[in-house]
Every structure is written in C-alpha cells, then in structure tokens.
Amino acid sequence: ISDLPERKYVTDALELGERLGAVTLIDLRPAEDFSLGHIEGSRHLDIYGVSLNDSSEAPLSAFLAIFRTLFGTRGVSRDRPVVIYDHETGERAARAVWLLALLGHPDVRILDGGTQAWTASGNRLVQVTKAPAPADPAKAPPTPPPYKGTPNLELLATRFDVHRAIEDEQAVIVDVRRESEYRGTEKRARRAGTIPGAVHIFWRDHLDDRGALRPAAEIRDLYVSRGVTPDKTVIPVCQGGYRSANTFLALKSLGYPRVRNYVASWGEWGNRDDSKIIVPDPGGSGPR
C-alpha cells in the first residue's frame, strides 16, 4: 500500500515493526485465535456481539458509551497511537478502527493484511503460555477509566442521514453486502432489498487474494467507475456496520474527505416500516 496518498487509518507490517513498543496493540480476532498466537504486547478485545439497531440519539449515545468503556479497559488513551488487527484487513478490526476514530482518537490504524501479513514479513506470533492466576480482590488494580475523546460525528451516518442522502445528488450510498443481500434473495431482516439509488460494490472487491488492500490506483478505479467519487459524501451500508467500516477505511486511505459509515445499517433499515426499500431486478440493476 506504499502508493496510498494519505494512508489514513492504515499501517503495514514494516511500519508496525518499527513502532512496536510505542503503540497500543489490540487484537480483534476470536479469543481462541488470540491464545494460539498474537503479536507480542497485544490486548484482546472481541466486540463482535455489540450491535446497534436504532441510530436515534439516545440509543446511539448509549452504544458509544459502551465502546468508551471497552477501549478504556484495554488501556486506550488519546496520547498513544493505536494499531488494531485481525487475521487480514478484516471487518472486525475495521469496525473497531472506525469506532475509535469516531470517538475522537487522533491516531488509530488497521494493520493491513493482519496477522497473515505480519508473519509473511518474517515476524512471529507469541502464545498465551499459562492461565492467569486467580484474582485477589484485595490486590486488584483499579478499573481503567473509560476512553475520553470528543466524538467526530462526521464519520458516522444515522438513518436520518441516509434518508436525506437518497435525494441528495452530492451523496452516494454504497451497499457493500453480498449480491444476494443486495438483491433481496438473502433475507437477514424483516424486509429485504436495498436503499433506493444505492450502488452495489462488494466490500471484498477492494481487497486482494491475501486479504490486504489492493493498490491505491485499483481501489480508486473500482469506486470511481461506479460513480463513487471524492467530491461526494459517501455512505457505506452493510448489515451491522462491520463490512461498511472496511469500505470506509479503504476510501479514507485514498483521501476521500467525506465518508460516513452507517452504523446500524440493514439491521436497522431493514427492520423499520418507514425505510425506503427497493428490490433490484434479478436480471439487471434496476428496481422492480
């Protein structure tokens, strides 16, 4: 990814190796993968089950408060860079990077290619060698405080933002789910289909066969060819804000200035009666 103009939110194995002792490392893979081998000094965090299905103000605020606490328990602070990784440039790590950026962290990045790229570069993983000793309540350290930062809400889209974007010529909605989800043949909510005007670009199309970001020029050509251009506000959508966070990172790595991840995605949109939904024609790209 050396040709990325900004490399915003992205780092690689070489750069991480040079900064290893100066960053907070967080492993987003399942706990069993972490125990079998992780980058030395990493702290494990699994946020896969924490989701949001109502992006109105009160539930959204509560949702973000959960992540302030979770990141705080892993020692995350504004004054220390953070690198988050998965087994590849995956959806779990991407969502965590996006969430921490949303919460106002000034230097959070995904490890491009994840542990696969780390080991391919000649680096090793370490294992959990023994179970931790039973905790002594009298000697337990104090619970770390929640992460503190000023949220950057320009990185987030709610259902209200998406409704406005449908009629906005300066905005483009990108449906990054599988084609079966986009076309409504795979139903993962009460209603199936897609958002009117959404462009379908599967999230893995900007990754290579090793699960790392493709060269910047290829990613740029992919999105620009579908009308997803840097002059527009781009809103990626998936099922729960994971895959769309990966698209967010890919576009931000190209320097796109206005990308807003729809945090609740189809888990909210597809379960509401007031959502505008179309079902694309199986034989083409239009609605039916």
# chains A, B, ... in the order shown; residues from 1 in each chain; ligands from 1

$ select_by_dssp --residues "region 190-249 of chain A" --states "strand (DSSP E or B)" --output "list in words"
Thr194, Val199, His200, Leu207, Leu213, Thr233, Val234, Ile235, Pro236 and Val237 of chain A

$ write_last_selection --atoms "C-alpha atoms" --output "short mmCIF file (atom, residue, chain, number, x, y, z; two decimals), in the first residue's frame"
data_model
loop_
_atom_site.label_atom_id
_atom_site.label_comp_id
_atom_site.auth_asym_id
_atom_site.auth_seq_id
_atom_site.Cartn_x
_atom_site.Cartn_y
_atom_site.Cartn_z
CA THR A 194 -31.56 -2.26 -0.83
CA VAL A 199 -24.51 1.48 -5.71
CA HIS A 200 -23.55 -2.14 -5.09
CA LEU A 207 -9.00 -6.47 -1.06
CA LEU A 213 -5.84 -3.64 0.46
CA THR A 233 -20.41 12.35 0.59
CA VAL A 234 -20.14 8.55 0.61
CA ILE A 235 -22.24 6.40 2.95
CA PRO A 236 -21.31 2.69 3.03
CA VAL A 237 -24.03 0.29 4.24
#

$ closest_residue --among "A:Leu254, A:Arg190, A:Glu154, A:Ile195" --to "Ala217 (chain A)" --atoms "only C-alpha atoms"
A:Leu254

$ closest_residue --among "A:Arg80, A:Arg191, A:His206, A:Arg92" --to "Val279 (chain A)" --atoms "only C-alpha atoms"
A:Arg191

$ select_by_dssp --residues "region 90-123 of chain A" --states "alpha helix (DSSP H)" --output "list in words"
Glu91, Arg92, Ala93, Ala94, Arg95, Ala96, Val97, Trp98, Leu99, Leu100, Ala101, Leu102, Gly114, Thr115, Gln116, Ala117, Trp118, Thr119 and Ala120 of chain A

$ residues_around --residues "Ala189 (chain A)" --least-positions-apart "2" --cutoff "6 Å" --atoms "only C-alpha atoms" --output "number ranges by chain"
A: 187, 191, 270-271

$ closest_atom_pairs --of "region 8-74 of chain A" --to "region 264-267 of chain A" --cutoff "9 Å" --atoms "only C-alpha atoms" --output "CSV"
residue,atom,partner,partner_atom,distance
A:Ser51,CA,A:Ala264,CA,7.5
A:Leu52,CA,A:Ala264,CA,5.3
A:Asn53,CA,A:Ala264,CA,5.3
A:Asp54,CA,A:Ala264,CA,6.6
A:Ser55,CA,A:Ala264,CA,6.2

$ atom_distance --atom1 "CA of Asp175 (chain A)" --atom2 "CA of Val108 (chain A)"
25.0 Å
